[in-house]
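Below is coords_14.cif, holding mmCIF, C-alpha atoms.
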```
data_query
loop_
_atom_site.label_atom_id
_atom_site.label_comp_id
_atom_site.auth_asym_id
_atom_site.auth_seq_id
_atom_site.Cartn_x
_atom_site.Cartn_y
_atom_site.Cartn_z
CA MET E 1 133.09 143.22 -25.69
CA ALA E 2 130.85 144.21 -28.58
CA HIS E 3 130.25 147.94 -28.82
CA LEU E 4 127.31 149.91 -30.24
CA SER E 5 128.13 152.82 -32.49
CA PHE E 6 125.06 154.87 -33.18
CA ARG E 7 123.57 157.80 -35.03
CA VAL E 8 120.55 159.76 -33.80
CA ASP E 9 117.97 160.57 -36.48
CA LEU E 10 116.03 163.48 -35.02
CA ALA E 11 112.27 163.73 -35.50
CA THR E 12 112.92 166.88 -37.57
CA GLY E 13 115.19 164.97 -39.99
CA GLY E 14 118.50 166.20 -38.57
CA ARG E 15 121.17 163.57 -38.07
CA LEU E 16 123.77 163.34 -35.35
CA GLY E 17 126.27 160.50 -35.66
CA PRO E 18 129.77 159.61 -34.48
CA GLY E 19 131.48 162.09 -36.83
CA LYS E 20 129.62 165.19 -35.64
CA ARG E 21 129.82 164.05 -32.04
CA ARG E 22 133.58 163.66 -32.28
CA LEU E 23 133.92 167.05 -33.96
CA LEU E 24 131.94 168.72 -31.15
CA GLN E 25 134.06 166.95 -28.54
CA LEU E 26 137.29 168.03 -30.24
CA ILE E 27 136.10 171.65 -30.55
CA ASP E 28 135.42 171.53 -26.81
CA ASP E 29 138.89 170.06 -26.16
CA LEU E 30 140.88 172.20 -28.59
CA GLY E 31 138.93 175.49 -28.73
CA SER E 32 139.20 175.66 -32.50
CA ILE E 33 137.17 174.40 -35.46
CA SER E 34 140.24 174.13 -37.68
CA ALA E 35 142.28 172.20 -35.08
CA ALA E 36 139.33 169.89 -34.42
CA GLY E 37 138.84 169.24 -38.14
CA ARG E 38 142.58 168.68 -38.58
CA SER E 39 142.62 165.96 -35.91
CA MET E 40 139.90 164.21 -37.87
CA GLY E 41 141.77 164.57 -41.17
CA MET E 42 139.14 167.01 -42.40
CA SER E 43 139.58 170.26 -44.32
CA TYR E 44 138.71 173.51 -42.55
CA ARG E 45 135.89 174.03 -45.02
CA ARG E 46 134.45 170.59 -44.30
CA ALA E 47 134.65 171.12 -40.52
CA TRP E 48 133.06 174.56 -40.86
CA LEU E 49 130.18 173.17 -42.95
CA LEU E 50 129.54 170.45 -40.37
CA VAL E 51 129.46 173.07 -37.62
CA GLU E 52 126.98 175.14 -39.67
CA GLU E 53 124.89 172.01 -40.10
CA VAL E 54 124.77 171.08 -36.39
CA ASN E 55 124.13 174.70 -35.46
CA GLY E 56 121.27 174.79 -37.97
CA ALA E 57 119.77 171.55 -36.69
CA PHE E 58 119.00 173.00 -33.25
CA ARG E 59 117.05 175.95 -31.91
CA GLU E 60 120.26 177.37 -30.44
CA PRO E 61 123.78 177.10 -31.84
CA LEU E 62 125.94 174.35 -30.31
CA VAL E 63 129.20 176.03 -31.32
CA GLU E 64 130.01 179.70 -30.90
CA LYS E 65 132.72 181.11 -33.16
CA MET E 66 134.95 183.67 -31.49
CA PRO E 67 136.01 186.64 -33.58
CA GLY E 68 139.45 187.69 -34.66
CA GLY E 69 143.08 186.74 -34.26
CA SER E 70 145.46 185.96 -37.08
CA GLY E 71 144.47 182.28 -36.94
CA GLY E 72 140.82 183.20 -37.52
CA GLY E 73 139.68 183.09 -33.90
CA GLY E 74 138.67 180.16 -31.77
CA ALA E 75 135.41 178.41 -31.07
CA VAL E 76 133.68 177.15 -27.94
CA LEU E 77 130.71 174.97 -27.21
CA THR E 78 127.65 176.79 -25.94
CA SER E 79 125.71 175.40 -23.00
CA ALA E 80 123.36 173.80 -25.56
CA GLY E 81 126.43 172.18 -27.16
CA ARG E 82 127.53 170.77 -23.83
CA ASP E 83 124.00 169.51 -23.17
CA VAL E 84 123.96 167.71 -26.51
CA LEU E 85 127.32 166.02 -25.79
CA ALA E 86 126.07 164.96 -22.35
CA TRP E 87 122.84 163.53 -23.80
CA LEU E 88 124.79 161.60 -26.44
CA ALA E 89 127.06 160.14 -23.74
CA ASP E 90 123.97 159.20 -21.73
CA ILE E 91 122.40 157.55 -24.80
CA GLU E 92 125.57 155.55 -25.41
CA ALA E 93 125.89 154.34 -21.82
CA LYS E 94 122.21 153.46 -21.38
CA ALA E 95 121.84 151.84 -24.80
CA GLU E 96 124.87 149.61 -24.31
CA ALA E 97 123.79 148.59 -20.82
CA ALA E 98 120.26 147.78 -22.02
CA ALA E 99 121.55 145.82 -25.02
CA ALA E 100 124.25 143.95 -23.08
CA VAL E 101 122.62 140.50 -23.12
CA SER E 102 122.13 140.46 -26.89
CA LEU E 103 125.57 142.01 -27.49
CA LYS E 104 127.10 139.14 -25.46
CA ARG E 105 125.16 136.61 -27.53
CA LEU E 106 126.50 138.15 -30.73
CA ASP E 107 130.05 138.01 -29.35
CA ALA E 108 129.58 134.38 -28.31
CA LEU E 109 128.58 133.46 -31.87
CA ALA E 110 131.32 135.53 -33.51
CA ALA E 111 134.17 133.74 -35.28
CA GLU E 112 137.59 134.21 -33.73
CA ARG E 113 139.04 135.41 -37.02
CA PRO E 114 136.42 137.22 -39.05
CA LYS E 115 137.15 137.87 -42.71
CA SER E 116 138.28 141.43 -43.27
CA ALA E 117 135.50 143.99 -43.45
CA THR E 118 134.47 145.73 -46.64
CA ALA E 119 133.67 149.43 -46.72
CA HIS E 120 130.00 148.59 -46.23
CA ASP E 121 128.72 148.15 -42.71
CA MET S 1 110.39 160.81 -32.25
CA ALA S 2 114.14 160.60 -32.59
CA HIS S 3 115.38 157.20 -33.67
CA LEU S 4 118.70 155.42 -33.02
CA SER S 5 120.34 153.76 -35.97
CA PHE S 6 123.21 151.59 -34.86
CA ARG S 7 126.06 149.36 -35.86
CA VAL S 8 127.46 146.58 -33.68
CA ASP S 9 131.26 146.39 -33.57
CA LEU S 10 131.94 142.83 -32.41
CA ALA S 11 134.78 142.11 -29.99
CA THR S 12 136.46 140.16 -32.82
CA GLY S 13 136.45 143.19 -35.13
CA GLY S 14 133.46 142.12 -37.24
CA ARG S 15 130.88 144.84 -37.95
CA LEU S 16 127.16 144.48 -38.27
CA GLY S 17 125.27 147.61 -39.23
CA PRO S 18 121.98 148.61 -40.83
CA GLY S 19 123.06 147.53 -44.34
CA LYS S 20 123.91 143.93 -43.47
CA ARG S 21 120.92 143.68 -41.17
CA ARG S 22 118.59 144.81 -43.93
CA LEU S 23 120.21 142.41 -46.41
CA LEU S 24 119.70 139.47 -44.01
CA GLN S 25 116.08 140.50 -43.45
CA LEU S 26 115.46 140.73 -47.20
CA ILE S 27 117.08 137.34 -47.85
CA ASP S 28 114.73 135.92 -45.23
CA ASP S 29 111.74 137.64 -46.87
CA LEU S 30 112.64 136.95 -50.51
CA GLY S 31 114.58 133.67 -50.37
CA SER S 32 117.25 134.97 -52.74
CA ILE S 33 120.52 136.87 -52.42
CA SER S 34 120.14 138.51 -55.83
CA ALA S 35 116.54 139.65 -55.16
CA ALA S 36 117.56 140.97 -51.73
CA GLY S 37 120.50 142.86 -53.21
CA ARG S 38 118.32 144.22 -56.02
CA SER S 39 115.83 145.67 -53.53
CA MET S 40 118.73 147.52 -51.95
CA GLY S 41 120.03 148.79 -55.30
CA MET S 42 123.09 146.56 -54.96
CA SER S 43 124.80 144.39 -57.57
CA TYR S 44 124.61 140.63 -57.17
CA ARG S 45 128.37 140.57 -56.66
CA ARG S 46 128.14 143.16 -53.89
CA ALA S 47 125.32 141.31 -52.14
CA TRP S 48 127.22 138.02 -52.45
CA LEU S 49 130.38 139.54 -50.94
CA LEU S 50 128.40 140.93 -48.00
CA VAL S 51 126.87 137.50 -47.40
CA GLU S 52 130.35 135.95 -47.49
CA GLU S 53 131.48 138.57 -45.01
CA VAL S 54 128.66 138.02 -42.49
CA ASN S 55 129.02 134.26 -42.86
CA GLY S 56 132.74 134.58 -42.18
CA ALA S 57 132.19 136.79 -39.14
CA PHE S 58 130.39 134.04 -37.20
CA ARG S 59 131.19 130.49 -36.13
CA GLU S 60 128.27 129.23 -38.20
CA PRO S 61 126.98 130.65 -41.48
CA LEU S 62 123.97 132.96 -41.21
CA VAL S 63 122.89 132.41 -44.81
CA GLU S 64 122.73 129.05 -46.55
CA LYS S 65 122.87 129.11 -50.35
CA MET S 66 120.67 126.53 -52.03
CA PRO S 67 122.10 124.83 -55.11
CA GLY S 68 120.86 124.90 -58.65
CA GLY S 69 118.00 126.26 -60.73
CA SER S 70 118.39 128.48 -63.77
CA GLY S 71 118.28 131.58 -61.57
CA GLY S 72 121.27 130.32 -59.56
CA GLY S 73 119.31 128.83 -56.65
CA GLY S 74 117.84 130.49 -53.62
CA ALA S 75 119.13 131.27 -50.16
CA VAL S 76 117.70 130.93 -46.67
CA LEU S 77 118.69 132.11 -43.23
CA THR S 78 120.05 129.41 -40.94
CA SER S 79 118.87 129.23 -37.35
CA ALA S 80 122.01 131.24 -36.44
CA GLY S 81 120.93 133.85 -39.00
CA ARG S 82 117.49 134.08 -37.42
CA ASP S 83 119.07 134.33 -33.98
CA VAL S 84 121.25 137.23 -35.13
CA LEU S 85 118.24 139.11 -36.57
CA ALA S 86 116.32 138.54 -33.34
CA TRP S 87 119.23 139.82 -31.22
CA LEU S 88 119.57 142.91 -33.42
CA ALA S 89 115.84 143.62 -33.05
CA ASP S 90 116.20 143.18 -29.29
CA ILE S 91 119.20 145.55 -29.20
CA GLU S 92 117.23 148.16 -31.15
CA ALA S 93 114.15 147.98 -28.94
CA LYS S 94 116.04 147.95 -25.63
CA ALA S 95 118.54 150.64 -26.65
CA GLU S 96 115.81 153.05 -27.79
CA ALA S 97 113.74 152.47 -24.67
CA ALA S 98 116.77 153.02 -22.42
CA ALA S 99 117.81 156.16 -24.30
CA ALA S 100 114.29 157.61 -24.53
CA VAL S 101 114.76 160.47 -22.06
CA SER S 102 117.87 161.84 -23.79
CA LEU S 103 116.36 161.27 -27.25
CA LYS S 104 113.36 163.38 -26.18
CA ARG S 105 115.68 166.11 -24.94
CA LEU S 106 117.47 166.16 -28.30
CA ASP S 107 114.12 166.39 -30.10
CA ALA S 108 113.00 169.21 -27.82
CA LEU S 109 116.12 171.22 -28.71
CA ALA S 110 115.93 170.43 -32.44
CA ALA S 111 115.08 173.23 -34.86
CA GLU S 112 111.81 172.83 -36.71
CA ARG S 113 113.52 173.21 -40.06
CA PRO S 114 117.04 171.87 -39.94
CA LYS S 115 119.38 172.77 -42.77
CA SER S 116 119.68 169.93 -45.26
CA ALA S 117 122.09 167.18 -44.23
CA THR S 118 125.44 166.62 -45.90
CA ALA S 119 126.70 163.14 -46.73
CA HIS S 120 128.57 163.10 -43.43
CA ASP S 121 126.73 161.95 -40.32
#
```
Using structure tokens, write down the structure from this file.
Amino acid sequence: MAHLSFRVDLATGGRLGPGKRRLLQLIDDLGSISAAGRSMGMSYRRAWLLVEEVNGAFREPLVEKMPGGSGGGGAVLTSAGRDVLAWLADIEAKAEAAAAVSLKRLDALAAERPKSATAHD
Amino acid sequence: MAHLSFRVDLATGGRLGPGKRRLLQLIDDLGSISAAGRSMGMSYRRAWLLVEEVNGAFREPLVEKMPGGSGGGGAVLTSAGRDVLAWLADIEAKAEAAAAVSLKRLDALAAERPKSATAHD
């Protein structure tokens, strides 16, 4: 069935979309910013900058970097980070349930073999 | 308040996000693919390809091109095109209402001055 992929535009201007959400989830799963970035095909620098950005977008950091170790130390989600992931999961579930009738209508009108997508959404 | 921006991933693989939705809305408002594309800072070719793509993603075309005229003729939304815009508006309204509690929680945790966003979401 049709699926909603969404980004949250916060009232403050911060943005939280599928990329940051996945990075937070992977940091929670893997305990490491570099490993999480690697699974998304992202450089360590890029993953680090995204973590700085999500940490800066909230009153409390979502990711806590752990010191030391030859690999540069690990990282864990704070309780605020876990809250944010839970709220995003709640948004996804509730939004899809609420939109189900119109999503079904879109699927019913969809061609069986759509032309291939361009880079644009 | 926080706002959801969303893309629909159809069961068939077609994608319908904010860019195509806005293009359809502008074609409806302006009666022209080139004028609609221009208001989005898009080349005529780009706008035309996106129209071909949305038309190909559904069993019936959403945009009908009108022949002739020195400017290349106009374009109008078909009734299927208007249905799709109405369903997208319904999805937006219902999804935001259903997600309101978690969106408020995200806003409450948001920093007053987030660091500037990168290109990544």
Present chain E as a PDB file with C-alpha atoms, keeping the file's coordinate frame, least-squares fitted onto chain S over all of its C-alpha atoms paired in order.
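The resulting file, part_33.pdb, is reproduced below:
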```
ATOM      1  CA  MET E   1     110.373 160.833 -32.255  1.00  0.00           C
ATOM      2  CA  ALA E   2     114.141 160.615 -32.577  1.00  0.00           C
ATOM      3  CA  HIS E   3     115.372 157.205 -33.665  1.00  0.00           C
ATOM      4  CA  LEU E   4     118.678 155.419 -33.017  1.00  0.00           C
ATOM      5  CA  SER E   5     120.333 153.762 -35.969  1.00  0.00           C
ATOM      6  CA  PHE E   6     123.197 151.607 -34.848  1.00  0.00           C
ATOM      7  CA  ARG E   7     126.054 149.368 -35.873  1.00  0.00           C
ATOM      8  CA  VAL E   8     127.447 146.584 -33.685  1.00  0.00           C
ATOM      9  CA  ASP E   9     131.247 146.391 -33.571  1.00  0.00           C
ATOM     10  CA  LEU E  10     131.940 142.850 -32.411  1.00  0.00           C
ATOM     11  CA  ALA E  11     134.774 142.130 -29.986  1.00  0.00           C
ATOM     12  CA  THR E  12     136.448 140.156 -32.803  1.00  0.00           C
ATOM     13  CA  GLY E  13     136.432 143.206 -35.116  1.00  0.00           C
ATOM     14  CA  GLY E  14     133.456 142.147 -37.239  1.00  0.00           C
ATOM     15  CA  ARG E  15     130.888 144.829 -37.952  1.00  0.00           C
ATOM     16  CA  LEU E  16     127.148 144.484 -38.277  1.00  0.00           C
ATOM     17  CA  GLY E  17     125.254 147.630 -39.237  1.00  0.00           C
ATOM     18  CA  PRO E  18     121.955 148.623 -40.839  1.00  0.00           C
ATOM     19  CA  GLY E  19     123.031 147.553 -44.345  1.00  0.00           C
ATOM     20  CA  LYS E  20     123.906 143.955 -43.467  1.00  0.00           C
ATOM     21  CA  ARG E  21     120.905 143.678 -41.182  1.00  0.00           C
ATOM     22  CA  ARG E  22     118.580 144.795 -43.955  1.00  0.00           C
ATOM     23  CA  LEU E  23     120.208 142.401 -46.414  1.00  0.00           C
ATOM     24  CA  LEU E  24     119.705 139.475 -44.008  1.00  0.00           C
ATOM     25  CA  GLN E  25     116.083 140.486 -43.461  1.00  0.00           C
ATOM     26  CA  LEU E  26     115.444 140.718 -47.206  1.00  0.00           C
ATOM     27  CA  ILE E  27     117.089 137.328 -47.855  1.00  0.00           C
ATOM     28  CA  ASP E  28     114.736 135.914 -45.222  1.00  0.00           C
ATOM     29  CA  ASP E  29     111.746 137.628 -46.880  1.00  0.00           C
ATOM     30  CA  LEU E  30     112.640 136.948 -50.511  1.00  0.00           C
ATOM     31  CA  GLY E  31     114.592 133.658 -50.378  1.00  0.00           C
ATOM     32  CA  SER E  32     117.242 134.965 -52.742  1.00  0.00           C
ATOM     33  CA  ILE E  33     120.525 136.858 -52.415  1.00  0.00           C
ATOM     34  CA  SER E  34     120.134 138.484 -55.825  1.00  0.00           C
ATOM     35  CA  ALA E  35     116.543 139.630 -55.164  1.00  0.00           C
ATOM     36  CA  ALA E  36     117.553 140.957 -51.744  1.00  0.00           C
ATOM     37  CA  GLY E  37     120.511 142.855 -53.210  1.00  0.00           C
ATOM     38  CA  ARG E  38     118.316 144.197 -56.016  1.00  0.00           C
ATOM     39  CA  SER E  39     115.827 145.678 -53.538  1.00  0.00           C
ATOM     40  CA  MET E  40     118.729 147.519 -51.958  1.00  0.00           C
ATOM     41  CA  GLY E  41     120.028 148.762 -55.318  1.00  0.00           C
ATOM     42  CA  MET E  42     123.076 146.533 -54.969  1.00  0.00           C
ATOM     43  CA  SER E  43     124.793 144.375 -57.584  1.00  0.00           C
ATOM     44  CA  TYR E  44     124.624 140.599 -57.172  1.00  0.00           C
ATOM     45  CA  ARG E  45     128.372 140.548 -56.654  1.00  0.00           C
ATOM     46  CA  ARG E  46     128.158 143.150 -53.895  1.00  0.00           C
ATOM     47  CA  ALA E  47     125.322 141.287 -52.136  1.00  0.00           C
ATOM     48  CA  TRP E  48     127.216 138.001 -52.438  1.00  0.00           C
ATOM     49  CA  LEU E  49     130.382 139.534 -50.947  1.00  0.00           C
ATOM     50  CA  LEU E  50     128.400 140.928 -48.015  1.00  0.00           C
ATOM     51  CA  VAL E  51     126.880 137.499 -47.407  1.00  0.00           C
ATOM     52  CA  GLU E  52     130.373 135.941 -47.488  1.00  0.00           C
ATOM     53  CA  GLU E  53     131.488 138.576 -45.005  1.00  0.00           C
ATOM     54  CA  VAL E  54     128.650 138.011 -42.500  1.00  0.00           C
ATOM     55  CA  ASN E  55     129.020 134.254 -42.865  1.00  0.00           C
ATOM     56  CA  GLY E  56     132.748 134.602 -42.179  1.00  0.00           C
ATOM     57  CA  ALA E  57     132.193 136.802 -39.139  1.00  0.00           C
ATOM     58  CA  PHE E  58     130.401 134.056 -37.196  1.00  0.00           C
ATOM     59  CA  ARG E  59     131.195 130.522 -36.111  1.00  0.00           C
ATOM     60  CA  GLU E  60     128.281 129.253 -38.203  1.00  0.00           C
ATOM     61  CA  PRO E  61     126.991 130.652 -41.489  1.00  0.00           C
ATOM     62  CA  LEU E  62     123.970 132.966 -41.206  1.00  0.00           C
ATOM     63  CA  VAL E  63     122.907 132.399 -44.814  1.00  0.00           C
ATOM     64  CA  GLU E  64     122.725 129.048 -46.557  1.00  0.00           C
ATOM     65  CA  LYS E  65     122.896 129.096 -50.352  1.00  0.00           C
ATOM     66  CA  MET E  66     120.671 126.540 -52.034  1.00  0.00           C
ATOM     67  CA  PRO E  67     122.063 124.810 -55.098  1.00  0.00           C
ATOM     68  CA  GLY E  68     120.823 124.875 -58.642  1.00  0.00           C
ATOM     69  CA  GLY E  69     118.007 126.238 -60.753  1.00  0.00           C
ATOM     70  CA  SER E  70     118.417 128.429 -63.795  1.00  0.00           C
ATOM     71  CA  GLY E  71     118.299 131.548 -61.603  1.00  0.00           C
ATOM     72  CA  GLY E  72     121.256 130.276 -59.567  1.00  0.00           C
ATOM     73  CA  GLY E  73     119.292 128.816 -56.664  1.00  0.00           C
ATOM     74  CA  GLY E  74     117.845 130.503 -53.630  1.00  0.00           C
ATOM     75  CA  ALA E  75     119.125 131.250 -50.169  1.00  0.00           C
ATOM     76  CA  VAL E  76     117.701 130.914 -46.670  1.00  0.00           C
ATOM     77  CA  LEU E  77     118.695 132.093 -43.246  1.00  0.00           C
ATOM     78  CA  THR E  78     120.059 129.415 -40.953  1.00  0.00           C
ATOM     79  CA  SER E  79     118.888 129.231 -37.357  1.00  0.00           C
ATOM     80  CA  ALA E  80     122.022 131.226 -36.442  1.00  0.00           C
ATOM     81  CA  GLY E  81     120.932 133.848 -39.000  1.00  0.00           C
ATOM     82  CA  ARG E  82     117.501 134.079 -37.431  1.00  0.00           C
ATOM     83  CA  ASP E  83     119.072 134.347 -33.976  1.00  0.00           C
ATOM     84  CA  VAL E  84     121.253 137.229 -35.132  1.00  0.00           C
ATOM     85  CA  LEU E  85     118.243 139.097 -36.586  1.00  0.00           C
ATOM     86  CA  ALA E  86     116.314 138.549 -33.346  1.00  0.00           C
ATOM     87  CA  TRP E  87     119.225 139.816 -31.225  1.00  0.00           C
ATOM     88  CA  LEU E  88     119.575 142.910 -33.416  1.00  0.00           C
ATOM     89  CA  ALA E  89     115.845 143.632 -33.046  1.00  0.00           C
ATOM     90  CA  ASP E  90     116.188 143.182 -29.285  1.00  0.00           C
ATOM     91  CA  ILE E  91     119.186 145.553 -29.213  1.00  0.00           C
ATOM     92  CA  GLU E  92     117.230 148.167 -31.152  1.00  0.00           C
ATOM     93  CA  ALA E  93     114.147 147.980 -28.935  1.00  0.00           C
ATOM     94  CA  LYS E  94     116.046 147.958 -25.633  1.00  0.00           C
ATOM     95  CA  ALA E  95     118.532 150.647 -26.657  1.00  0.00           C
ATOM     96  CA  GLU E  96     115.810 153.034 -27.792  1.00  0.00           C
ATOM     97  CA  ALA E  97     113.741 152.461 -24.665  1.00  0.00           C
ATOM     98  CA  ALA E  98     116.771 153.017 -22.415  1.00  0.00           C
ATOM     99  CA  ALA E  99     117.810 156.155 -24.307  1.00  0.00           C
ATOM    100  CA  ALA E 100     114.292 157.611 -24.525  1.00  0.00           C
ATOM    101  CA  VAL E 101     114.762 160.474 -22.046  1.00  0.00           C
ATOM    102  CA  SER E 102     117.866 161.835 -23.768  1.00  0.00           C
ATOM    103  CA  LEU E 103     116.360 161.265 -27.233  1.00  0.00           C
ATOM    104  CA  LYS E 104     113.354 163.388 -26.159  1.00  0.00           C
ATOM    105  CA  ARG E 105     115.693 166.119 -24.926  1.00  0.00           C
ATOM    106  CA  LEU E 106     117.471 166.157 -28.279  1.00  0.00           C
ATOM    107  CA  ASP E 107     114.125 166.401 -30.088  1.00  0.00           C
ATOM    108  CA  ALA E 108     113.012 169.230 -27.799  1.00  0.00           C
ATOM    109  CA  LEU E 109     116.134 171.222 -28.696  1.00  0.00           C
ATOM    110  CA  ALA E 110     115.944 170.443 -32.417  1.00  0.00           C
ATOM    111  CA  ALA E 111     115.092 173.244 -34.843  1.00  0.00           C
ATOM    112  CA  GLU E 112     111.813 172.847 -36.690  1.00  0.00           C
ATOM    113  CA  ARG E 113     113.526 173.247 -40.047  1.00  0.00           C
ATOM    114  CA  PRO E 114     117.049 171.893 -39.916  1.00  0.00           C
ATOM    115  CA  LYS E 115     119.405 172.804 -42.739  1.00  0.00           C
ATOM    116  CA  SER E 116     119.722 169.977 -45.224  1.00  0.00           C
ATOM    117  CA  ALA E 117     122.111 167.219 -44.224  1.00  0.00           C
ATOM    118  CA  THR E 118     125.452 166.647 -45.891  1.00  0.00           C
ATOM    119  CA  ALA E 119     126.688 163.168 -46.730  1.00  0.00           C
ATOM    120  CA  HIS E 120     128.551 163.093 -43.423  1.00  0.00           C
ATOM    121  CA  ASP E 121     126.693 161.945 -40.349  1.00  0.00           C
TER     122      ASP E 121
END
```
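Among the candidates S:Val51, S:Val63, S:Met1, S:Ala97, the residue lying nearest to chain E is S:Met1 (atoms considered: all atoms listed in the file).
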inquiry  = Distance cut-off 8 Å, counting only C-alpha atoms - which residues of chain S neighbour chain E? Return them as a PyMOL selection string.
reply    = chain S and resi 1-20+50+53+56-60+84+87-88+90-92+94-96+98-99+102-103+105-107+109-118+120-121
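Across the structure, atom CA of Lys65 of chain E and atom CA of Ser43 of chain E are spaced 17.0 Å apart.
Shortest separation to Asp28 of chain E among E:Leu85, E:Leu77, E:Met66, E:Ala47 occurs at residue E:Leu77, atoms counted being all atoms listed in the file.
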**Message:** Expand the PyMOL selection byres ((chain S and resi 36) around 10) into the explicit residue set it covers here, and present it as a ChimeraX atom specification.
**Reply:** /S:22-35,37-44,47,75
Output of the above residues as an mmCIF file, keeping the file's coordinate frame, restricted to C-alpha atoms:
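Okay, this is what ended up in part24.cif:
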```cif
data_model
loop_
_atom_site.group_PDB
_atom_site.id
_atom_site.type_symbol
_atom_site.label_atom_id
_atom_site.label_comp_id
_atom_site.auth_asym_id
_atom_site.auth_seq_id
_atom_site.Cartn_x
_atom_site.Cartn_y
_atom_site.Cartn_z
ATOM 1 C CA ARG S 22 118.590 144.810 -43.930
ATOM 2 C CA LEU S 23 120.210 142.410 -46.410
ATOM 3 C CA LEU S 24 119.700 139.470 -44.010
ATOM 4 C CA GLN S 25 116.080 140.500 -43.450
ATOM 5 C CA LEU S 26 115.460 140.730 -47.200
ATOM 6 C CA ILE S 27 117.080 137.340 -47.850
ATOM 7 C CA ASP S 28 114.730 135.920 -45.230
ATOM 8 C CA ASP S 29 111.740 137.640 -46.870
ATOM 9 C CA LEU S 30 112.640 136.950 -50.510
ATOM 10 C CA GLY S 31 114.580 133.670 -50.370
ATOM 11 C CA SER S 32 117.250 134.970 -52.740
ATOM 12 C CA ILE S 33 120.520 136.870 -52.420
ATOM 13 C CA SER S 34 120.140 138.510 -55.830
ATOM 14 C CA ALA S 35 116.540 139.650 -55.160
ATOM 15 C CA GLY S 37 120.500 142.860 -53.210
ATOM 16 C CA ARG S 38 118.320 144.220 -56.020
ATOM 17 C CA SER S 39 115.830 145.670 -53.530
ATOM 18 C CA MET S 40 118.730 147.520 -51.950
ATOM 19 C CA GLY S 41 120.030 148.790 -55.300
ATOM 20 C CA MET S 42 123.090 146.560 -54.960
ATOM 21 C CA SER S 43 124.800 144.390 -57.570
ATOM 22 C CA TYR S 44 124.610 140.630 -57.170
ATOM 23 C CA ALA S 47 125.320 141.310 -52.140
ATOM 24 C CA ALA S 75 119.130 131.270 -50.160
#
```
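Note that atom CA of Trp48 of chain E and atom CA of Val76 of chain E are 13.2 Å apart.
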